[in-house]
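Pasting data-v7.txt here (compact mmCIF, C-alpha atoms and all ligand atoms):
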```
# COMPACT_ATOMS: atom_id res chain seq x y z
CA MET H 152 47.41 -13.34 263.48
CA SER H 153 46.42 -9.98 262.00
CA ASN H 154 44.23 -7.60 263.98
CA SER H 155 45.45 -9.23 267.15
CA GLY H 156 43.65 -6.64 269.29
CA SER H 157 40.27 -7.80 268.01
CA TYR H 158 40.46 -11.21 269.59
CA ASN H 159 39.96 -9.68 272.99
CA ASN H 160 36.26 -9.11 272.37
CA PRO H 161 33.48 -11.27 270.96
CA VAL H 162 32.74 -10.42 267.34
CA LEU H 163 29.22 -9.25 266.49
CA PHE H 164 27.73 -9.09 263.00
CA PRO H 165 24.92 -6.85 261.76
CA GLY H 166 21.63 -8.70 261.35
CA ASN H 167 19.78 -8.98 258.06
CA GLU H 168 16.43 -10.27 256.85
CA TYR H 169 17.69 -13.84 256.70
CA SER H 170 19.11 -13.83 260.27
CA ARG H 171 15.87 -12.24 261.55
CA MET H 172 13.77 -14.86 259.78
CA LEU H 173 15.88 -17.71 261.20
CA SER H 174 15.92 -16.34 264.73
CA GLU H 175 12.12 -15.99 264.74
CA LYS H 176 11.54 -19.38 263.16
CA TYR H 177 13.93 -21.29 265.44
CA HIS H 178 13.64 -19.09 268.58
CA TYR H 179 17.26 -18.02 269.00
CA LYS H 180 18.59 -14.60 269.89
CA GLU H 181 19.38 -12.89 266.63
CA TRP H 182 23.00 -12.07 267.52
CA MET H 183 23.64 -15.80 267.84
CA ILE H 184 22.17 -16.54 264.43
CA SER H 185 24.15 -13.75 262.73
CA ARG H 186 27.27 -15.23 264.26
CA PHE H 187 26.36 -18.85 263.34
CA LEU H 188 25.97 -17.75 259.71
CA ASN H 189 29.62 -16.66 259.84
CA TYR H 190 31.21 -19.81 261.25
CA ILE H 191 28.90 -22.82 260.93
CA PRO H 192 28.74 -24.49 257.52
CA ASP H 193 25.12 -24.97 256.34
CA ALA H 194 23.98 -23.20 259.51
CA GLU H 195 20.29 -23.47 258.64
CA ASP H 196 20.66 -27.26 258.45
CA LEU H 197 22.02 -27.22 262.00
CA LEU H 198 19.02 -25.16 263.19
CA LYS H 199 16.63 -27.62 261.52
CA TYR H 200 18.51 -30.55 263.03
CA VAL H 201 18.25 -29.09 266.53
CA ASP H 202 14.59 -28.26 265.95
CA THR H 203 13.41 -31.66 264.72
CA LYS H 204 15.78 -33.79 266.82
CA SER H 205 15.03 -36.37 264.15
CA ASN H 206 18.47 -37.83 264.13
CA LEU H 207 19.93 -37.65 267.65
CA HIS H 208 22.82 -40.02 268.24
CA THR H 209 23.68 -41.73 271.51
CA TYR H 210 27.02 -43.30 272.31
CA ILE H 211 28.56 -45.38 275.07
CA ARG H 212 32.21 -46.08 275.83
CA ALA H 213 33.18 -49.56 277.00
CA ASN H 214 35.28 -49.40 280.16
CA THR H 215 38.23 -51.64 279.35
CA LEU H 216 39.28 -51.56 283.02
CA LYS H 217 36.31 -53.84 283.65
CA ILE H 218 35.23 -55.51 280.41
CA ASP H 219 36.45 -55.91 276.85
CA PRO H 220 34.35 -54.02 274.29
CA ASN H 221 33.15 -57.16 272.48
CA SER H 222 31.90 -58.85 275.64
CA LEU H 223 30.01 -55.67 276.53
CA LYS H 224 28.52 -55.59 273.05
CA VAL H 225 27.30 -59.20 273.36
CA ARG H 226 25.75 -58.56 276.79
CA LEU H 227 23.88 -55.48 275.59
CA LEU H 228 22.77 -57.17 272.35
CA GLU H 229 21.27 -59.96 274.48
CA LYS H 230 19.29 -57.30 276.34
CA GLY H 231 17.88 -56.01 273.06
CA PHE H 232 20.12 -53.01 272.45
CA LYS H 233 21.49 -52.53 268.95
CA LEU H 234 25.07 -51.29 268.85
CA LYS H 235 27.15 -50.01 265.99
CA ASN H 236 30.95 -49.59 265.89
CA THR H 237 32.41 -46.08 265.56
CA ILE H 238 35.74 -44.48 264.66
CA VAL H 239 36.85 -44.98 268.29
CA ASP H 240 37.37 -48.69 269.08
CA GLU H 241 35.82 -48.66 272.54
CA VAL H 242 32.91 -46.35 271.64
CA PHE H 243 29.63 -47.74 270.27
CA GLU H 244 26.62 -45.95 268.93
CA VAL H 245 23.41 -47.19 270.56
CA ILE H 246 20.80 -47.32 267.84
CA ASN H 247 17.86 -48.08 270.12
CA HIS H 248 17.77 -47.13 273.76
CA GLY H 249 15.37 -46.80 276.64
CA SER H 250 12.83 -44.55 275.02
CA ASP H 251 9.14 -45.34 274.77
CA GLN H 252 9.07 -46.26 271.14
CA PHE H 253 11.41 -49.21 271.51
CA THR H 254 10.03 -52.47 272.85
CA LYS H 255 11.38 -55.96 272.75
CA LYS H 256 9.35 -59.14 272.52
CA VAL H 257 10.90 -61.10 275.36
CA THR H 258 9.99 -64.60 274.27
CA SER H 259 10.96 -64.43 270.61
CA GLY H 260 13.86 -62.00 270.99
CA VAL H 261 12.55 -60.14 267.95
CA SER H 262 11.75 -56.47 268.22
CA THR H 263 8.36 -55.81 266.68
CA GLY H 264 6.62 -53.05 268.55
CA VAL H 265 3.39 -54.39 267.02
CA SER H 266 0.91 -55.96 269.42
CA SER H 267 -1.46 -58.69 268.34
CA SER H 268 -5.10 -59.15 269.24
CA SER H 269 -5.44 -60.28 272.88
CA SER H 270 -8.09 -62.00 275.04
CA MET H 271 -8.80 -58.52 276.43
CA ASP H 272 -9.56 -57.30 272.89
CA SER H 273 -11.88 -60.32 272.41
CA LEU H 274 -13.70 -59.51 275.65
CA ILE H 275 -14.18 -55.93 274.59
CA ARG H 276 -15.57 -57.05 271.25
CA ASN H 277 -17.70 -59.85 272.76
CA PRO H 278 -18.29 -59.45 276.52
CA SER H 279 -19.96 -62.84 276.81
CA ALA H 280 -16.94 -64.70 275.43
CA ARG H 281 -15.32 -67.17 277.87
CA ILE H 282 -11.56 -66.83 278.24
CA SER H 283 -9.70 -69.62 280.05
CA SER H 284 -7.02 -68.82 282.66
CA ASN H 285 -4.54 -70.89 280.62
CA GLN H 286 -5.22 -68.69 277.61
CA ILE H 287 -4.49 -65.60 279.67
CA LYS H 288 -1.25 -67.08 281.09
CA GLU H 289 -0.09 -68.13 277.62
CA GLU H 290 -0.77 -64.66 276.28
CA GLN H 291 1.05 -63.06 279.17
CA SER H 292 4.18 -65.03 278.39
CA ASN H 293 3.95 -64.92 274.60
CA SER H 294 3.03 -61.32 274.00
CA LYS H 295 4.67 -59.76 277.00
CA GLU H 296 6.55 -56.81 275.62
CA ARG H 297 9.15 -55.09 277.65
CA LYS H 298 10.55 -51.60 277.32
CA LEU H 299 14.31 -51.52 277.04
CA PRO H 300 15.80 -50.18 280.24
CA SER H 301 17.27 -46.73 279.98
CA LEU H 302 21.01 -46.81 279.34
CA GLY H 303 21.66 -45.35 282.79
CA SER H 304 19.81 -48.09 284.65
CA THR H 305 21.22 -51.36 283.34
CA PHE H 306 23.22 -53.75 285.52
CA GLU H 307 26.16 -53.15 283.16
CA TYR H 308 25.97 -49.39 283.67
CA LEU H 309 25.83 -49.69 287.45
CA LYS H 310 28.79 -52.10 287.39
CA GLY H 311 30.77 -49.45 285.48
CA TYR H 312 31.10 -51.47 282.27
CA TYR H 313 30.33 -48.36 280.22
CA TYR H 314 30.04 -44.59 280.33
CA ILE H 315 27.39 -42.71 278.34
CA GLN H 316 29.19 -39.98 276.48
CA ASP H 317 29.38 -38.36 273.08
CA LEU H 318 31.65 -39.73 270.36
CA SER H 319 33.45 -36.37 270.11
CA SER H 320 34.57 -36.73 273.75
CA GLY H 321 35.93 -40.18 272.94
CA VAL H 322 37.88 -38.72 270.03
CA ALA H 323 39.42 -36.03 272.28
CA VAL H 324 40.90 -38.59 274.69
CA SER H 325 41.95 -40.96 271.88
CA GLU H 326 44.02 -38.13 270.43
CA MET H 327 46.04 -37.76 273.64
CA ASP H 328 48.48 -40.55 272.65
CA ILE H 329 48.50 -42.01 276.14
CA HIS H 330 51.00 -44.77 276.97
CA PRO H 331 50.20 -46.93 279.98
CA SER H 332 53.22 -46.85 282.27
CA ASP H 333 53.92 -46.20 285.93
CA ASP H 334 55.69 -42.91 285.36
CA PHE H 335 53.14 -41.38 282.95
CA HIS H 336 51.41 -38.34 284.47
CA VAL H 337 48.25 -36.69 283.15
CA LEU H 338 46.53 -33.47 284.22
CA ASP H 339 42.78 -33.14 283.67
CA MET H 340 42.11 -29.44 284.24
CA ALA H 341 38.29 -29.47 284.23
CA ALA H 342 37.25 -32.92 285.30
CA ALA H 343 33.67 -33.27 286.58
CA PRO H 344 31.65 -35.39 286.02
CA GLY H 345 34.61 -37.49 284.91
CA GLY H 346 33.74 -38.64 281.38
CA LYS H 347 37.19 -37.94 280.07
CA THR H 348 39.07 -38.65 283.34
CA THR H 349 37.69 -42.20 283.40
CA HIS H 350 38.57 -42.64 279.72
CA ILE H 351 42.15 -41.48 280.40
CA ALA H 352 42.35 -43.93 283.31
CA GLN H 353 41.41 -46.85 281.05
CA LYS H 354 43.91 -45.71 278.42
CA LEU H 355 46.52 -45.80 281.23
CA ASN H 356 45.27 -49.21 282.33
CA ASN H 357 45.09 -47.69 285.83
CA LEU H 358 48.86 -47.10 285.79
CA GLY H 359 50.66 -43.76 286.19
CA LYS H 360 48.87 -40.87 287.82
CA ILE H 361 46.01 -38.55 286.88
CA VAL H 362 45.50 -35.27 288.68
CA ALA H 363 41.85 -34.28 288.17
CA CYS H 364 40.98 -30.66 289.01
CA GLU H 365 37.47 -29.39 289.60
CA SER H 366 36.69 -25.99 291.09
CA ASN H 367 32.94 -26.42 291.64
CA PRO H 368 32.26 -28.28 294.90
CA ASN H 369 28.74 -29.18 293.72
CA ARG H 370 30.20 -31.13 290.81
CA LEU H 371 32.77 -33.08 292.84
CA PRO H 372 30.39 -35.86 294.00
CA SER H 373 29.55 -36.83 290.40
CA LEU H 374 33.27 -37.03 289.61
CA VAL H 375 34.08 -39.14 292.66
CA PHE H 376 31.07 -41.39 292.00
CA ASN H 377 32.07 -42.02 288.39
CA LEU H 378 35.71 -42.72 289.29
CA SER H 379 34.52 -45.28 291.80
CA ARG H 380 31.85 -46.81 289.51
CA MET H 381 34.39 -47.21 286.69
CA GLY H 382 37.06 -48.77 288.97
CA VAL H 383 39.61 -45.96 288.58
CA LYS H 384 42.51 -46.26 291.03
CA ASN H 385 45.19 -43.91 289.74
CA THR H 386 43.49 -40.52 290.16
CA LEU H 387 44.00 -37.73 292.65
CA VAL H 388 41.00 -35.36 292.77
CA LEU H 389 41.77 -31.76 293.66
CA LYS H 390 39.18 -29.09 294.40
CA ILE H 391 41.11 -26.19 292.97
CA LYS H 392 41.01 -23.71 290.13
CA SER H 393 43.31 -25.36 287.67
CA GLU H 394 44.86 -21.97 286.86
CA ASP H 395 46.64 -22.49 290.19
CA ILE H 396 48.13 -25.87 289.30
CA MET H 397 51.68 -24.51 288.98
CA GLN H 398 51.67 -23.74 292.72
CA LEU H 399 51.81 -27.48 293.36
CA GLY H 400 54.98 -27.84 291.32
CA PHE H 401 53.84 -30.90 289.32
CA ARG H 402 54.71 -31.42 285.63
CA PHE H 403 52.75 -33.62 283.25
CA ASP H 404 53.28 -35.75 280.11
CA ARG H 405 49.76 -34.96 278.96
CA VAL H 406 47.30 -32.20 279.79
CA LEU H 407 43.62 -32.21 278.95
CA LEU H 408 41.80 -28.88 279.08
CA ASP H 409 38.16 -29.71 278.36
CA ALA H 410 37.35 -26.11 279.03
CA PRO H 411 34.24 -24.70 280.70
CA CYS H 412 32.47 -22.92 277.84
CA THR H 413 29.18 -21.44 276.62
CA CYS H 414 28.11 -24.92 275.45
CA GLU H 415 26.74 -23.71 272.09
CA GLY H 416 27.45 -27.18 270.76
CA ILE H 417 24.95 -28.89 273.04
CA ILE H 418 21.98 -26.63 272.38
CA LEU H 419 20.27 -29.71 270.93
CA LYS H 420 20.36 -31.26 274.42
CA ASP H 421 19.51 -28.06 276.30
CA GLU H 422 17.37 -25.71 274.24
CA SER H 423 17.29 -23.04 276.97
CA ARG H 424 20.74 -22.08 275.68
CA LYS H 425 19.13 -20.70 272.52
CA ARG H 426 18.11 -17.64 274.51
CA SER H 427 19.90 -17.74 277.86
CA ARG H 428 23.46 -17.08 276.67
CA THR H 429 24.79 -13.53 276.44
CA ILE H 430 27.79 -11.84 274.87
CA ARG H 431 29.02 -11.29 278.43
CA ASP H 432 29.01 -15.08 279.02
CA LEU H 433 31.09 -15.52 275.90
CA ASN H 434 33.56 -12.92 277.12
CA ILE H 435 33.80 -14.46 280.60
CA CYS H 436 34.36 -17.95 279.17
CA SER H 437 36.93 -16.77 276.67
CA ASN H 438 38.97 -14.91 279.34
CA ARG H 439 38.90 -17.90 281.69
CA GLN H 440 39.94 -20.23 278.85
CA LYS H 441 42.97 -18.02 278.17
CA ARG H 442 44.04 -18.19 281.82
CA MET H 443 43.52 -21.94 281.94
CA ILE H 444 45.36 -22.75 278.71
CA LEU H 445 48.41 -20.74 279.82
CA ALA H 446 48.53 -22.59 283.14
CA GLY H 447 48.03 -25.97 281.43
CA PHE H 448 50.78 -25.32 278.92
CA GLU H 449 53.16 -24.25 281.67
CA ALA H 450 52.47 -27.46 283.56
CA LEU H 451 53.27 -29.56 280.49
CA LYS H 452 56.70 -31.25 280.27
CA PRO H 453 58.78 -30.43 277.17
CA GLY H 454 57.76 -32.89 274.46
CA GLY H 455 54.36 -33.33 276.13
CA ILE H 456 50.94 -32.99 274.49
CA MET H 457 47.98 -30.87 275.49
CA ILE H 458 44.47 -31.47 274.17
CA TYR H 459 42.23 -28.41 274.31
CA SER H 460 38.52 -28.99 273.72
CA THR H 461 35.18 -27.24 274.10
CA CYS H 462 31.57 -28.06 273.27
CA SER H 463 31.22 -24.66 271.60
CA PHE H 464 31.29 -23.47 268.00
CA ALA H 465 32.43 -19.95 268.95
CA PRO H 466 35.84 -18.98 267.51
CA GLU H 467 36.42 -16.82 270.62
CA GLU H 468 36.47 -20.07 272.66
CA ASN H 469 38.34 -22.15 270.11
CA GLU H 470 40.72 -20.92 267.40
CA MET H 471 41.23 -17.57 269.18
CA ILE H 472 42.32 -19.35 272.36
CA ILE H 473 44.77 -21.52 270.45
CA GLN H 474 46.07 -18.47 268.57
CA PHE H 475 46.48 -16.67 271.92
CA LEU H 476 48.61 -19.57 273.19
CA ILE H 477 50.83 -19.94 270.14
CA ASP H 478 51.35 -16.17 269.95
CA LYS H 479 52.62 -16.30 273.53
CA PHE H 480 54.73 -19.45 273.41
CA LYS H 481 56.93 -20.18 270.39
CA ASN H 482 57.31 -23.76 271.59
CA ALA H 483 53.54 -24.40 271.36
CA GLN H 484 52.94 -26.27 268.11
CA ILE H 485 49.63 -27.32 266.63
CA GLU H 486 49.62 -31.00 265.63
CA PRO H 487 47.29 -32.71 263.16
CA LEU H 488 44.19 -34.64 264.28
CA ASN H 489 42.43 -37.50 262.56
CA TYR H 490 38.71 -36.67 262.50
CA GLY H 491 36.32 -33.74 262.10
CA SER H 492 36.27 -30.67 259.84
CA SER H 493 39.22 -28.27 259.66
CA GLY H 494 39.40 -25.43 262.18
CA LEU H 495 38.83 -21.91 260.90
CA THR H 496 41.76 -20.08 259.34
CA THR H 497 39.87 -16.78 259.19
CA PHE H 498 37.00 -15.24 261.12
CA ASN H 499 35.56 -11.85 260.24
CA ASP H 500 38.73 -9.79 259.58
CA ILE H 501 40.97 -12.02 261.70
CA ILE H 502 43.50 -14.29 260.00
CA PHE H 503 44.75 -17.19 262.11
CA SER H 504 48.03 -19.08 261.66
CA SER H 505 47.71 -21.24 258.56
CA ASN H 506 48.11 -24.48 260.53
CA MET H 507 44.96 -23.63 262.53
CA ASN H 508 43.31 -25.81 259.89
CA GLN H 509 44.81 -28.77 261.77
CA THR H 510 42.47 -28.13 264.70
CA ARG H 511 39.13 -29.87 264.36
CA ARG H 512 35.46 -28.91 264.51
CA PHE H 513 32.53 -31.31 264.91
CA TYR H 514 29.01 -30.32 263.88
CA PRO H 515 25.86 -32.29 264.84
CA HIS H 516 24.34 -32.05 261.34
CA LEU H 517 27.60 -33.15 259.67
CA HIS H 518 29.26 -35.56 262.10
CA ASP H 519 26.40 -37.05 264.17
CA THR H 520 28.04 -35.71 267.36
CA ASN H 521 27.66 -32.78 269.71
CA GLY H 522 29.11 -29.53 268.46
CA PHE H 523 32.75 -29.81 269.55
CA PHE H 524 36.23 -28.40 268.99
CA ILE H 525 39.58 -30.15 269.51
CA ALA H 526 43.13 -28.83 269.23
CA LYS H 527 46.28 -30.85 269.83
CA ILE H 528 49.30 -28.85 270.98
CA ARG H 529 52.80 -30.21 271.49
CA LYS H 530 55.29 -28.40 273.70
CA SER H 531 58.46 -28.62 271.69
CA THR H 532 61.77 -28.99 273.47
CA GLU H 533 62.84 -25.50 272.30
CA PRO H 534 63.06 -22.89 275.09
CA ASP H 535 59.89 -20.94 275.92
CA GLY H 536 59.23 -17.95 273.74
CA VAL H 537 57.44 -15.78 276.25
C1 LIG Z 1 33.11 -29.05 280.21
S1 LIG Z 1 32.99 -29.43 281.88
C2 LIG Z 1 34.09 -30.79 282.02
C3 LIG Z 1 33.52 -32.10 281.55
C4 LIG Z 1 34.49 -33.24 281.85
N1 LIG Z 1 35.80 -33.01 281.28
C5 LIG Z 1 33.95 -34.56 281.32
O1 LIG Z 1 34.38 -35.02 280.25
O2 LIG Z 1 33.10 -35.14 281.98
C6 LIG Z 1 33.93 -28.16 282.61
C7 LIG Z 1 34.15 -28.32 284.12
O3 LIG Z 1 35.13 -27.37 284.52
C8 LIG Z 1 34.80 -26.91 285.81
N2 LIG Z 1 35.54 -25.65 286.00
C9 LIG Z 1 35.16 -24.39 285.68
N3 LIG Z 1 36.16 -23.52 285.95
C10 LIG Z 1 37.19 -24.24 286.45
C11 LIG Z 1 38.50 -23.92 286.93
N4 LIG Z 1 38.92 -22.66 286.93
N5 LIG Z 1 39.28 -24.92 287.37
C12 LIG Z 1 38.84 -26.20 287.38
N6 LIG Z 1 37.61 -26.56 286.95
C13 LIG Z 1 36.80 -25.60 286.50
C14 LIG Z 1 33.30 -26.78 285.75
O4 LIG Z 1 32.76 -26.75 287.06
C15 LIG Z 1 32.93 -28.04 284.96
O5 LIG Z 1 32.72 -29.12 285.83
```

If you took the structure in this file and wrote it as structure tokens, what would it be?
Amino acid sequence: MSNSGSYNNPVLFPGNEYSRMLSEKYHYKEWMISRFLNYIPDAEDLLKYVDTKSNLHTYIRANTLKIDPNSLKVRLLEKGFKLKNTIVDEVFEVINHGSDQFTKKVTSGVSTGVSSSSSMDSLIRNPSARISSNQIKEEQSNSKERKLPSLGSTFEYLKGYYYIQDLSSGVAVSEMDIHPSDDFHVLDMAAAPGGKTTHIAQKLNNLGKIVACESNPNRLPSLVFNLSRMGVKNTLVLKIKSEDIMQLGFRFDRVLLDAPCTCEGIILKDESRKRSRTIRDLNICSNRQKRMILAGFEALKPGGIMIYSTCSFAPEENEMIIQFLIDKFKNAQIEPLNYGSSGLTTFNDIIFSSNMNQTRRFYPHLHDTNGFFIAKIRKSTEPDGV
């Protein structure tokens, strides 16, 4: 990469009239907008998308440790949910879910959302009208409309038949090429609340071993709860900084680093991030990601695969981290991925390795997902090039 010194600091761009207009209109800090205009295609469309939330997509992943995806689909269809297949076999998009606008007519099984005139309406129009108790009972059963339960409160959810998670997360784990066998070992370097750990466990069919690291004690209960809810039996949870994983002496066939990041890509789910994030946060995240990716790569067996992902658009947390790794280790090779837009090959005056285009970016306004980045790295069997 040229200008290698410059990837140590976040890149800032001078503002202009357009970036000022957008930051005022959509309530972002201007430095964020000036940056977005330099690495997000059709950036204004993304800002509109976040603003209107007109087209938010919700996904669930069937837990094949407990149910096959088709049986889950049938059960949820019977409850009134509408599901659509996606590019990942076990992930469905939920078209209607427990929000107020969706109701289901219980008796007919047809969603209408339109209520008909009731005995109560008649009484209001004509207070002297006589309404029989039978008429009221009949109406109660015929026109009773029920809100769909929220996706997190169904029997199927509580039984661990599915996990609510974005499609991009499902893609990340699908790209790990996991083979279920007793001697297959996977490291999840940033595990809580367990969305991807539980997906890895089902890909392993509960065989092999997963070591799931989480450094934040407050996030451990959610991880342990989800592992238990989803019936995962092959996972060791460690409360450690995963940078320290080498001290344990384990080596892994696969490593997932779903790195802690500035979360730019989920602004549409947490709008406070439009103004709460600082350049310092970006710097802190980027430095931690560098430490974590080095440790993860070291813990990988020769021939093994590492998936690096973030829910950020920032090149400092994505392509620059991958470039940092491949500059350090000659045996770190970027491998192609199946979905998403190509990773950046340039940013400002920085030129990345040409195969950086094999990394993948996901944009809400283009892919109907969270903002997300995925890179697939193989550790070749050549000696380390440190
Ligand atoms: C993006 S979230 C992980 C989401 C998770 N992979 C999933 O799919 O549900 C990043 C997690 O990394 C944890 N974390 C931050 N720094 C860490 C470190 N040095 N070692 C291990 N975990 C860390 C955070 O507390 C957070 O829970």

Which residues are near ligand LIG 1 (chain Z) in this structure, taking near to mean any atom at most 10 Å from a ligand atom and counting only C-alpha atoms and all ligand atoms? Format them as a PDB file with C-alpha atoms, in the coordinates of the input.
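See result-v2.pdb below for the written result:
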```
ATOM      1  CA  GLN H 316      29.190 -39.980 276.480  1.00  0.00           C
ATOM      2  CA  ASP H 317      29.380 -38.360 273.080  1.00  0.00           C
ATOM      3  CA  SER H 320      34.570 -36.730 273.750  1.00  0.00           C
ATOM      4  CA  GLY H 321      35.930 -40.180 272.940  1.00  0.00           C
ATOM      5  CA  ALA H 323      39.420 -36.030 272.280  1.00  0.00           C
ATOM      6  CA  VAL H 324      40.900 -38.590 274.690  1.00  0.00           C
ATOM      7  CA  ASP H 339      42.780 -33.140 283.670  1.00  0.00           C
ATOM      8  CA  MET H 340      42.110 -29.440 284.240  1.00  0.00           C
ATOM      9  CA  ALA H 341      38.290 -29.470 284.230  1.00  0.00           C
ATOM     10  CA  ALA H 342      37.250 -32.920 285.300  1.00  0.00           C
ATOM     11  CA  ALA H 343      33.670 -33.270 286.580  1.00  0.00           C
ATOM     12  CA  PRO H 344      31.650 -35.390 286.020  1.00  0.00           C
ATOM     13  CA  GLY H 345      34.610 -37.490 284.910  1.00  0.00           C
ATOM     14  CA  GLY H 346      33.740 -38.640 281.380  1.00  0.00           C
ATOM     15  CA  LYS H 347      37.190 -37.940 280.070  1.00  0.00           C
ATOM     16  CA  THR H 348      39.070 -38.650 283.340  1.00  0.00           C
ATOM     17  CA  THR H 349      37.690 -42.200 283.400  1.00  0.00           C
ATOM     18  CA  HIS H 350      38.570 -42.640 279.720  1.00  0.00           C
ATOM     19  CA  ALA H 363      41.850 -34.280 288.170  1.00  0.00           C
ATOM     20  CA  CYS H 364      40.980 -30.660 289.010  1.00  0.00           C
ATOM     21  CA  GLU H 365      37.470 -29.390 289.600  1.00  0.00           C
ATOM     22  CA  SER H 366      36.690 -25.990 291.090  1.00  0.00           C
ATOM     23  CA  ASN H 367      32.940 -26.420 291.640  1.00  0.00           C
ATOM     24  CA  PRO H 368      32.260 -28.280 294.900  1.00  0.00           C
ATOM     25  CA  ASN H 369      28.740 -29.180 293.720  1.00  0.00           C
ATOM     26  CA  ARG H 370      30.200 -31.130 290.810  1.00  0.00           C
ATOM     27  CA  LEU H 371      32.770 -33.080 292.840  1.00  0.00           C
ATOM     28  CA  SER H 373      29.550 -36.830 290.400  1.00  0.00           C
ATOM     29  CA  LEU H 374      33.270 -37.030 289.610  1.00  0.00           C
ATOM     30  CA  ASN H 377      32.070 -42.020 288.390  1.00  0.00           C
ATOM     31  CA  LEU H 389      41.770 -31.760 293.660  1.00  0.00           C
ATOM     32  CA  LYS H 390      39.180 -29.090 294.400  1.00  0.00           C
ATOM     33  CA  ILE H 391      41.110 -26.190 292.970  1.00  0.00           C
ATOM     34  CA  LYS H 392      41.010 -23.710 290.130  1.00  0.00           C
ATOM     35  CA  SER H 393      43.310 -25.360 287.670  1.00  0.00           C
ATOM     36  CA  GLU H 394      44.860 -21.970 286.860  1.00  0.00           C
ATOM     37  CA  ASP H 395      46.640 -22.490 290.190  1.00  0.00           C
ATOM     38  CA  ILE H 396      48.130 -25.870 289.300  1.00  0.00           C
ATOM     39  CA  LEU H 407      43.620 -32.210 278.950  1.00  0.00           C
ATOM     40  CA  LEU H 408      41.800 -28.880 279.080  1.00  0.00           C
ATOM     41  CA  ASP H 409      38.160 -29.710 278.360  1.00  0.00           C
ATOM     42  CA  ALA H 410      37.350 -26.110 279.030  1.00  0.00           C
ATOM     43  CA  PRO H 411      34.240 -24.700 280.700  1.00  0.00           C
ATOM     44  CA  CYS H 412      32.470 -22.920 277.840  1.00  0.00           C
ATOM     45  CA  THR H 413      29.180 -21.440 276.620  1.00  0.00           C
ATOM     46  CA  CYS H 414      28.110 -24.920 275.450  1.00  0.00           C
ATOM     47  CA  CYS H 436      34.360 -17.950 279.170  1.00  0.00           C
ATOM     48  CA  ARG H 439      38.900 -17.900 281.690  1.00  0.00           C
ATOM     49  CA  GLN H 440      39.940 -20.230 278.850  1.00  0.00           C
ATOM     50  CA  ARG H 442      44.040 -18.190 281.820  1.00  0.00           C
ATOM     51  CA  MET H 443      43.520 -21.940 281.940  1.00  0.00           C
ATOM     52  CA  SER H 460      38.520 -28.990 273.720  1.00  0.00           C
ATOM     53  CA  THR H 461      35.180 -27.240 274.100  1.00  0.00           C
ATOM     54  CA  CYS H 462      31.570 -28.060 273.270  1.00  0.00           C
ATOM     55  CA  SER H 463      31.220 -24.660 271.600  1.00  0.00           C
TER      56      SER H 463
END
```

re CA of Lys384 (chain H) and CA of Val362 (chain H): distance 11.6 Å

### Residues near Leu445 (chain H), cut-off 12 Å, all atoms listed in the file, skip fewer than 3 positions along chain, as a PyMOL selection string
chain H and resi 340+393-397+406+408+438-442+448-451+457+459+472-480+483+530+537

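Among the candidates H:Ala446, H:Phe243, H:Glu195, H:Glu467, the one nearest to Thr497 (chain H) when counting only C-alpha atoms is H:Glu467.
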
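Contact shell of Asp196 (chain H) at 12 Å (all atoms listed in the file; same-chain neighbours under 4 positions omitted): Leu173, Tyr177, Phe187, Leu188, Ile191, Pro192, Tyr200, Val201, Asp202, Thr203, Lys204, Tyr514, Pro515, His516 and Leu517 of chain H.
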
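For the pair CA of Tyr210 (chain H) and CA of Leu378 (chain H), the interatomic distance is 19.1 Å.
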
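The space between CA of Thr386 (chain H) and CA of Ala526 (chain H) spans 24.0 Å.
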
Restrict the calculation to all atoms listed in the file, then for each residue of region 181-237 of chain H with any atom at most 12 Å from an atom of region 164-168 of chain H give the closest atom pair and their distance in Å to one decimal, rows by chain and rising residue number, as a tab-separated table.
```
residue	atom	partner	partner_atom	distance
H:Glu181	CA	H:Gly166	CA	7.1
H:Trp182	CA	H:Gly166	CA	7.2
H:Met183	CA	H:Phe164	CA	9.2
H:Ile184	CA	H:Gly166	CA	8.4
H:Ser185	CA	H:Gly166	CA	5.8
H:Arg186	CA	H:Phe164	CA	6.3
H:Phe187	CA	H:Phe164	CA	9.9
H:Leu188	CA	H:Phe164	CA	9.4
H:Asn189	CA	H:Phe164	CA	8.4
H:Tyr190	CA	H:Phe164	CA	11.4
```

Across H:Pro487, H:Phe524, H:Pro466, H:Arg426, the smallest distance to Ile501 (chain H), with all atoms listed in the file counted, is shown by H:Pro466

Judged by only C-alpha atoms, the minimum distance to Pro161 (chain H) among H:Asn469, H:Ser174, H:Asn482, H:Ser531 is found for H:Asn469

How would you write as a ChimeraX atom specification the residues that get within 6 Å of (34.5, -49.3, 286.2) in the file's frame, counting only C-alpha atoms? /H:217,311-312,380-382

Write the residues of the preceding selection, restricted to C-alpha atoms, as a compact mmCIF listing (two decimals), keeping the file's coordinate frame.
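And here is the file that came out, again_21.txt:
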```txt
# COMPACT_ATOMS: atom_id res chain seq x y z
CA LYS H 217 36.31 -53.84 283.65
CA GLY H 311 30.77 -49.45 285.48
CA TYR H 312 31.10 -51.47 282.27
CA ARG H 380 31.85 -46.81 289.51
CA MET H 381 34.39 -47.21 286.69
CA GLY H 382 37.06 -48.77 288.97
```

Box for region 162-178 of chain H - axis-aligned, 5 Å on each of the six sides, all listed atoms - centre and size in Å to one decimal, as AutoDock Vina command-line options.
```
--center_x 22.1 --center_y -14.1 --center_z 262.6 --size_x 31.2 --size_y 24.4 --size_z 21.9
```

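Proximity to Glu470 (chain H) was assessed for H:Lys452, H:Lys425, H:Lys420, H:Arg511 counting all atoms listed in the file; the smallest distance is recorded for H:Arg511.
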